[in-house]
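Next comes entry_3.txt, a file with compact mmCIF, C-alpha atoms.
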```
# COMPACT_ATOMS: atom_id res chain seq x y z
CA MET X 1 -70.76 24.45 -153.62
CA SER X 2 -67.96 21.86 -153.86
CA SER X 3 -65.78 20.98 -150.88
CA ARG X 4 -62.78 22.79 -152.40
CA HIS X 5 -64.78 26.05 -152.42
CA MET X 6 -66.04 25.72 -148.85
CA GLN X 7 -64.58 27.86 -146.10
CA SER X 8 -65.36 25.09 -143.59
CA CYS X 9 -62.57 22.58 -143.00
CA LEU X 10 -60.88 20.35 -140.44
CA TYR X 11 -57.69 20.88 -138.45
CA GLU X 12 -55.56 17.93 -137.34
CA CYS X 13 -54.05 19.20 -134.13
CA GLN X 14 -51.62 18.56 -131.35
CA VAL X 15 -52.77 19.68 -127.91
CA MET X 16 -50.08 20.54 -125.35
CA HIS X 17 -50.59 21.35 -121.67
CA HIS X 18 -47.77 22.15 -119.27
CA ARG X 19 -48.20 23.17 -115.64
CA PHE X 20 -45.26 25.05 -114.12
CA ALA X 21 -46.42 25.48 -110.51
CA PRO X 22 -46.85 24.43 -107.80
CA LYS X 23 -45.51 21.20 -109.40
CA SER X 24 -44.48 20.49 -112.96
CA HIS X 25 -46.85 18.37 -115.03
CA GLY X 26 -47.31 18.17 -118.79
CA PHE X 27 -48.75 16.08 -121.58
CA ARG X 28 -49.52 16.08 -125.31
CA TYR X 29 -52.15 14.36 -127.39
CA ARG X 30 -53.55 14.54 -130.90
CA ILE X 31 -57.11 15.39 -131.95
CA PHE X 32 -58.95 16.92 -134.86
CA LEU X 33 -61.34 19.87 -134.84
CA PHE X 34 -63.98 21.26 -137.16
CA ALA X 35 -63.71 24.84 -138.43
CA LEU X 36 -67.26 25.67 -139.50
CA ASP X 37 -68.27 28.74 -141.45
CA LEU X 38 -71.65 29.44 -139.85
CA ASP X 39 -73.04 30.58 -143.22
CA GLU X 40 -72.40 27.07 -144.58
CA LEU X 41 -74.17 25.08 -141.86
CA GLU X 42 -77.30 24.40 -143.92
CA ALA X 43 -75.30 23.16 -146.91
CA LEU X 44 -72.73 21.03 -145.11
CA PRO X 45 -74.95 17.98 -144.39
CA ARG X 46 -75.57 17.65 -148.14
CA ARG X 47 -71.81 17.64 -148.77
CA VAL X 48 -70.54 15.63 -145.80
CA GLY X 49 -72.41 12.37 -145.24
CA LEU X 50 -71.40 11.81 -141.59
CA PHE X 51 -72.37 15.33 -140.48
CA SER X 52 -75.83 16.71 -139.60
CA LEU X 53 -77.24 20.02 -138.41
CA ASN X 54 -79.62 19.99 -135.42
CA ARG X 55 -80.35 16.26 -135.69
CA GLY X 56 -78.62 12.98 -134.95
CA ASN X 57 -75.68 11.56 -136.88
CA LEU X 58 -72.17 10.33 -136.19
CA TYR X 59 -71.19 14.02 -135.97
CA SER X 60 -74.10 16.27 -135.03
CA PHE X 61 -73.80 20.04 -134.77
CA ARG X 62 -76.61 21.50 -132.64
CA GLU X 63 -76.75 25.28 -132.63
CA ASN X 64 -78.19 25.50 -129.13
CA ASP X 65 -75.08 23.80 -127.73
CA TYR X 66 -73.27 27.10 -128.26
CA LEU X 67 -73.34 30.72 -127.02
CA PRO X 68 -76.65 30.55 -125.09
CA THR X 69 -77.08 34.33 -124.73
CA HIS X 70 -80.87 33.85 -124.46
CA GLU X 71 -80.39 31.97 -121.15
CA LYS X 72 -79.76 33.18 -117.59
CA LEU X 73 -76.38 34.67 -116.87
CA HIS X 74 -75.08 33.68 -113.44
CA ASN X 75 -73.70 36.26 -110.99
CA ALA X 76 -73.64 39.14 -113.46
CA ASP X 77 -73.05 42.81 -112.69
CA GLY X 78 -75.92 43.85 -114.95
CA ALA X 79 -78.25 42.70 -117.70
CA GLY X 80 -79.75 44.08 -120.87
CA ALA X 81 -81.18 42.99 -124.20
CA ALA X 82 -78.74 41.03 -126.36
CA GLY X 83 -81.07 39.26 -128.76
CA PRO X 84 -84.20 37.14 -128.84
CA ALA X 85 -84.71 33.52 -127.95
CA SER X 86 -83.02 30.28 -128.88
CA SER X 87 -84.94 29.92 -132.15
CA ARG X 88 -82.46 32.41 -133.63
CA SER X 89 -79.57 30.84 -135.50
CA LEU X 90 -76.16 30.65 -133.89
CA LYS X 91 -74.85 33.13 -136.46
CA ALA X 92 -77.54 35.63 -135.42
CA ARG X 93 -76.64 35.22 -131.76
CA VAL X 94 -72.95 35.79 -132.50
CA VAL X 95 -73.76 38.92 -134.52
CA ALA X 96 -75.94 40.24 -131.65
CA TYR X 97 -73.22 39.42 -129.12
CA LEU X 98 -70.65 41.36 -131.10
CA ALA X 99 -73.05 44.28 -131.65
CA ALA X 100 -73.54 44.54 -127.88
CA ASN X 101 -69.75 44.77 -127.61
CA GLY X 102 -69.52 47.51 -130.23
CA VAL X 103 -68.61 45.43 -133.31
CA ASP X 104 -70.84 45.60 -136.40
CA LEU X 105 -70.57 42.28 -138.24
CA THR X 106 -73.23 43.03 -140.87
CA GLY X 107 -72.28 41.17 -144.03
CA GLY X 108 -69.40 39.42 -142.29
CA ARG X 109 -68.49 35.81 -141.58
CA VAL X 110 -68.02 33.72 -138.44
CA VAL X 111 -65.81 30.62 -138.37
CA LEU X 112 -66.30 28.40 -135.31
CA VAL X 113 -63.45 26.03 -134.35
CA THR X 114 -64.99 23.27 -132.24
CA LEU X 115 -66.03 19.65 -131.91
CA PRO X 116 -69.70 18.80 -132.51
CA ARG X 117 -71.49 15.96 -130.79
CA VAL X 118 -70.02 12.53 -131.50
CA LEU X 119 -72.72 9.83 -131.36
CA GLY X 120 -74.74 12.34 -129.36
CA TYR X 121 -72.06 13.05 -126.74
CA LEU X 122 -70.73 16.59 -126.45
CA PHE X 123 -67.75 17.94 -124.57
CA ASN X 124 -65.70 20.94 -125.69
CA PRO X 125 -63.20 22.36 -123.19
CA VAL X 126 -62.89 25.37 -125.47
CA SER X 127 -64.33 26.62 -128.76
CA PHE X 128 -63.20 29.64 -130.78
CA TYR X 129 -65.25 32.04 -132.88
CA PHE X 130 -63.22 34.00 -135.44
CA CYS X 131 -65.22 36.92 -136.83
CA TYR X 132 -64.51 38.67 -140.15
CA ASP X 133 -66.05 41.84 -141.56
CA ARG X 134 -67.52 42.12 -145.04
CA THR X 135 -64.05 42.72 -146.53
CA GLY X 136 -62.74 39.50 -145.00
CA ALA X 137 -60.63 41.23 -142.35
CA PRO X 138 -60.62 39.63 -138.86
CA VAL X 139 -62.27 42.07 -136.42
CA ALA X 140 -63.03 40.04 -133.27
CA ALA X 141 -62.75 36.65 -131.63
CA VAL X 142 -64.67 34.90 -128.87
CA THR X 143 -63.27 32.10 -126.72
CA GLU X 144 -66.03 29.93 -125.26
CA VAL X 145 -64.75 27.90 -122.30
CA THR X 146 -66.74 24.95 -120.93
CA ASN X 147 -65.89 23.07 -117.74
CA THR X 148 -66.69 19.47 -116.79
CA PHE X 149 -69.84 20.71 -115.00
CA LYS X 150 -71.09 21.85 -118.47
CA GLU X 151 -70.97 25.49 -117.39
CA MET X 152 -69.99 27.87 -120.18
CA LYS X 153 -68.34 31.27 -120.25
CA PRO X 154 -67.47 33.40 -123.30
CA TYR X 155 -64.49 35.76 -123.37
CA PHE X 156 -64.59 38.61 -125.88
CA LEU X 157 -61.53 39.79 -127.82
CA GLY X 158 -62.43 42.87 -129.82
CA PRO X 159 -60.60 45.07 -132.37
CA GLU X 160 -58.53 46.64 -129.59
CA CYS X 161 -57.02 43.17 -128.96
CA LYS X 162 -55.94 42.72 -132.58
CA SER X 163 -52.30 43.00 -133.58
CA SER X 164 -50.95 42.41 -137.06
CA ALA X 165 -51.20 38.63 -136.77
CA GLU X 166 -53.32 37.65 -133.76
CA PHE X 167 -55.78 38.57 -131.04
CA THR X 168 -54.25 38.88 -127.57
CA ARG X 169 -55.81 39.61 -124.20
CA ARG X 170 -55.12 38.96 -120.53
CA THR X 171 -58.27 39.03 -118.41
CA PRO X 172 -59.45 37.66 -115.04
CA LYS X 173 -60.91 34.16 -115.34
CA TYR X 174 -63.62 34.24 -112.60
CA PHE X 175 -64.57 30.72 -113.68
CA TYR X 176 -64.01 27.25 -112.21
CA VAL X 177 -62.19 25.28 -114.90
CA SER X 178 -60.05 22.95 -112.79
CA PRO X 179 -59.87 22.10 -109.07
CA TYR X 180 -56.12 22.73 -109.40
CA SER X 181 -56.49 26.29 -110.68
CA ASP X 182 -58.02 29.15 -108.69
CA VAL X 183 -60.93 31.12 -110.13
CA ASP X 184 -59.26 34.54 -109.86
CA VAL X 185 -56.13 33.86 -111.88
CA ALA X 186 -55.95 35.41 -115.35
CA PHE X 187 -56.39 33.88 -118.78
CA ASP X 188 -53.86 35.14 -121.33
CA PHE X 189 -55.17 34.52 -124.86
CA LYS X 190 -53.14 34.45 -128.08
CA LEU X 191 -55.43 33.52 -130.98
CA ARG X 192 -54.19 33.53 -134.56
CA PRO X 193 -57.02 33.57 -137.15
CA PRO X 194 -56.94 30.15 -138.83
CA GLY X 195 -55.69 29.66 -142.36
CA GLU X 196 -53.50 26.87 -143.67
CA SER X 197 -52.81 26.08 -140.01
CA LEU X 198 -54.40 26.64 -136.61
CA SER X 199 -52.41 28.16 -133.75
CA VAL X 200 -53.87 29.23 -130.40
CA GLN X 201 -52.37 29.55 -126.94
CA ILE X 202 -54.00 30.10 -123.55
CA ASP X 203 -51.87 30.68 -120.45
CA ASP X 204 -52.87 30.99 -116.79
CA TYR X 205 -51.21 33.73 -114.74
CA ALA X 206 -51.24 34.36 -111.01
CA GLY X 207 -50.01 37.92 -110.88
CA ASP X 208 -46.86 37.94 -113.02
CA GLN X 209 -46.22 34.20 -112.62
CA ARG X 210 -47.21 31.92 -115.48
CA MET X 211 -48.79 28.85 -113.90
CA LEU X 212 -49.96 26.89 -116.95
CA THR X 213 -49.67 27.00 -120.73
CA SER X 214 -51.90 25.28 -123.28
CA THR X 215 -51.43 25.27 -127.05
CA LEU X 216 -53.43 23.93 -129.96
CA THR X 217 -51.65 23.72 -133.32
CA GLY X 218 -52.09 21.84 -136.56
CA PRO X 219 -52.56 21.94 -140.34
CA ARG X 220 -55.77 22.45 -142.30
CA ARG X 221 -57.46 19.44 -143.91
CA ALA X 222 -60.40 19.33 -146.30
CA LEU X 223 -63.81 18.62 -144.78
CA THR X 224 -65.06 15.68 -146.87
CA THR X 225 -66.90 12.48 -146.08
CA ALA X 226 -63.77 10.43 -146.83
CA ARG X 227 -61.51 12.56 -144.62
CA LEU X 228 -64.05 12.54 -141.79
CA ALA X 229 -64.38 8.75 -142.03
CA TRP X 230 -60.59 8.40 -141.85
CA PHE X 231 -60.35 10.71 -138.82
CA THR X 232 -63.13 8.72 -137.15
CA LEU X 233 -60.92 5.62 -137.39
CA LYS X 234 -57.73 7.49 -136.50
CA TYR X 235 -59.28 9.36 -133.53
CA PRO X 236 -62.19 7.18 -132.34
CA LEU X 237 -64.79 8.56 -129.91
CA ILE X 238 -62.81 11.77 -129.65
CA THR X 239 -65.11 13.60 -127.21
CA LEU X 240 -64.92 10.65 -124.80
CA LYS X 241 -61.14 10.60 -125.23
CA ILE X 242 -60.91 14.27 -124.20
CA ILE X 243 -63.06 13.95 -121.07
CA SER X 244 -61.21 10.75 -120.09
CA LEU X 245 -57.81 12.44 -120.42
CA ILE X 246 -58.98 15.36 -118.29
CA HIS X 247 -59.95 13.03 -115.45
CA TRP X 248 -56.83 10.88 -115.84
CA HIS X 249 -54.51 13.87 -115.50
CA ALA X 250 -56.58 15.27 -112.63
CA LEU X 251 -55.93 11.98 -110.84
CA ARG X 252 -52.21 12.25 -111.56
CA LEU X 253 -52.12 15.78 -110.14
CA TRP X 254 -53.92 14.54 -107.02
CA LEU X 255 -51.34 11.77 -106.65
CA LYS X 256 -48.63 14.44 -106.88
CA ARG X 257 -50.39 16.18 -103.97
CA VAL X 258 -51.04 19.36 -105.91
CA PRO X 259 -53.36 21.54 -103.76
CA TRP X 260 -56.95 21.66 -104.92
CA PHE X 261 -60.20 23.33 -103.89
CA ALA X 262 -63.86 22.45 -104.23
CA LYS X 263 -66.10 24.21 -106.71
CA ALA X 264 -68.48 25.45 -104.00
CA ALA X 265 -65.63 26.99 -101.98
CA ARG X 266 -65.61 30.24 -103.96
CA GLY X 267 -69.01 30.32 -105.59
CA GLU X 268 -69.37 34.09 -105.29
CA ASP X 269 -66.21 34.57 -107.40
CA GLN X 270 -67.56 32.52 -110.32
CA ARG X 271 -69.09 35.27 -112.43
CA GLU X 272 -70.95 35.88 -115.67
CA LEU X 273 -71.33 32.29 -116.81
CA TYR X 274 -74.12 30.33 -118.45
CA ARG X 275 -75.77 27.09 -117.32
CA PRO X 276 -74.63 27.27 -113.67
CA HIS X 277 -74.20 24.00 -111.82
CA ALA X 278 -76.28 23.22 -108.73
CA SER X 279 -73.23 23.95 -106.56
CA LEU X 280 -73.74 27.65 -107.40
CA ALA X 281 -77.45 27.72 -106.51
CA PRO X 282 -77.01 29.76 -103.28
CA HIS X 283 -75.30 32.54 -105.22
CA THR X 284 -76.97 35.31 -107.18
CA THR X 285 -78.16 34.83 -110.74
CA THR X 286 -79.05 37.92 -112.72
CA GLY X 287 -81.77 37.89 -115.35
CA ASN X 288 -84.86 35.80 -116.05
CA SER X 289 -85.70 33.07 -118.48
CA GLY X 290 -87.80 35.37 -120.63
CA ALA X 291 -85.27 38.17 -121.06
CA PRO X 292 -81.97 37.79 -122.94
CA LEU X 293 -78.87 39.21 -121.38
CA ALA X 294 -76.01 41.41 -122.45
CA PRO X 295 -72.79 39.55 -123.34
CA VAL X 296 -69.83 39.59 -121.03
CA LYS X 297 -67.40 42.47 -121.51
CA LEU X 298 -64.52 41.97 -119.14
CA GLU X 299 -61.97 44.52 -118.06
CA ASN X 300 -58.28 43.97 -118.78
CA TYR X 301 -56.37 42.23 -116.03
```

Full structure transcribed into structure tokens:
Amino acid sequence: MSSRHMQSCLYECQVMHHRFAPKSHGFRYRIFLFALDLDELEALPRRVGLFSLNRGNLYSFRENDYLPTHEKLHNADGAGAAGPASSRSLKARVVAYLAANGVDLTGGRVVLVTLPRVLGYLFNPVSFYFCYDRTGAPVAAVTEVTNTFKEMKPYFLGPECKSSAEFTRRTPKYFYVSPYSDVDVAFDFKLRPPGESLSVQIDDYAGDQRMLTSTLTGPRRALTTARLAWFTLKYPLITLKIISLIHWHALRLWLKRVPWFAKAARGEDQRELYRPHASLAPHTTTGNSGAPLAPVKLENY
């Protein structure tokens, strides 16, 4: 399999965030992301010298960093079998997750847009799973949001969310992403399946008022050792850059006196998330370490 025949690739992107209320604040920065066909994970390290699967390298993709449906689900309404333990591949967990949400992905593909570990350090504010049936048609998407406490929550966008060109859904967040954004606002997703370019948008709504917009756009690039080496020089220590920018802009919002709230203030409203932080310990966790849990299926906002 040569690189020109691989589905996996890179996207060189511009990230834009703009907050509309209670005070205006915006910024842009450039990054690159991997788009990994999960069926190609075993072959990629043989084709891309700086990339490894489940072991150390400059860029290391570890399957258990993603979609931990075998783990406890915090503050869930119910639980049920979603698939066996972490020894299953990430592709198998995604297929089981979709099956529990009524989507049969047998014979289909999953493309994950994300950043792997860089020199062992991982931080992804958001990753996207684009799921295609055996004919190649996009049938579902999953947005996996991770906060700075390393908590993780997946949001499912099924066939009913698919229009001619993108997946769209507005759904309650019930997740602590930022001290400057309440946990019961709504996420509004617009995800276009990636091709020659990547285009996704996530907005925050409080009722009918749009509070925040975030976009991620950029062209496709080949995933080769040479291209990855160039991006390493062009965008050094990219995961550290992202976490540093998050804290820098949080400080700027604090200096603007934007109201904020502590994570523990509304612990009971932070629902159906994985890897809960210690601040949520007093609140209910459904499930046990030996029993996998059903994936989240949220109601429309």

Shell around Asp208 of chain X at 12 Å using all atoms listed in the file, local window under 6 positions removed, as a PyMOL selection string: chain X and resi 170+185-188+301

What is the atom CA of Asp269 of chain X-atom CA of Val183 of chain X distance in Å, reported with one decimal?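 Computing the Euclidean distance for atom CA of Asp269 of chain X and atom CA of Val183 of chain X yields 6.9 Å.
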
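Atom CA of Glu71 of chain X is positioned 27.6 Å from atom CA of Leu58 of chain X.
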
Could you tell me how far atom CA of Ala226 of chain X lies from atom CA of Leu44 of chain X, in Å and to one decimal?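 Atom CA of Leu44 of chain X lies at a distance of 14.0 Å from atom CA of Ala226 of chain X.
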
Hey, what's within 7 Å of segment 25-32 of chain X if we count only C-alpha atoms and toss same-chain stuff fewer than 3 positions away? As a list in words, please? Leu10, Tyr11, Glu12, Cys13, Gln14, Val15, Met16, His17, His18, Arg19, Phe20 and Tyr235 of chain X

Expected file contents, prior selection, C-alpha atoms, as a compact mmCIF listing (two decimals), in the coordinates of the input:
```txt
# COMPACT_ATOMS: atom_id res chain seq x y z
CA LEU X 10 -60.88 20.35 -140.44
CA TYR X 11 -57.69 20.88 -138.45
CA GLU X 12 -55.56 17.93 -137.34
CA CYS X 13 -54.05 19.20 -134.13
CA GLN X 14 -51.62 18.56 -131.35
CA VAL X 15 -52.77 19.68 -127.91
CA MET X 16 -50.08 20.54 -125.35
CA HIS X 17 -50.59 21.35 -121.67
CA HIS X 18 -47.77 22.15 -119.27
CA ARG X 19 -48.20 23.17 -115.64
CA PHE X 20 -45.26 25.05 -114.12
CA TYR X 235 -59.28 9.36 -133.53
```

Can you pull out the residues contacting segment 137-152 of chain X? Cut-off 9 Å, using all atoms listed in the file, and skip same-chain residues under 5 positions away; I want them as a VMD selection string. chain X and resid 66 to 68 98 103 105 108 123 to 132 157 to 162 167 175 to 178 189 191 193 243 246 273 to 277

Counting all atoms listed in the file, which residue out of X:Thr69, X:Ser164, X:Asn75, X:Gln201 sits closest to Val95 of chain X? X:Thr69

Coordinates of box centre and edge lengths for segment 65-70 of chain X, 6 Å on every side, axis-aligned, as AutoDock Vina command-line options:
```
--center_x -77.1 --center_y 29.1 --center_z -126.4 --size_x 19.6 --size_y 22.5 --size_z 15.8
```

For a quick check of understanding, using all atoms listed in the file, which of X:Thr171, X:Thr224, X:Thr217, X:Ser60 has the smallest distance to Leu198 of chain X?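 Of X:Thr171, X:Thr224, X:Thr217, X:Ser60, the one nearest Leu198 of chain X, counting all atoms listed in the file, is X:Thr217.
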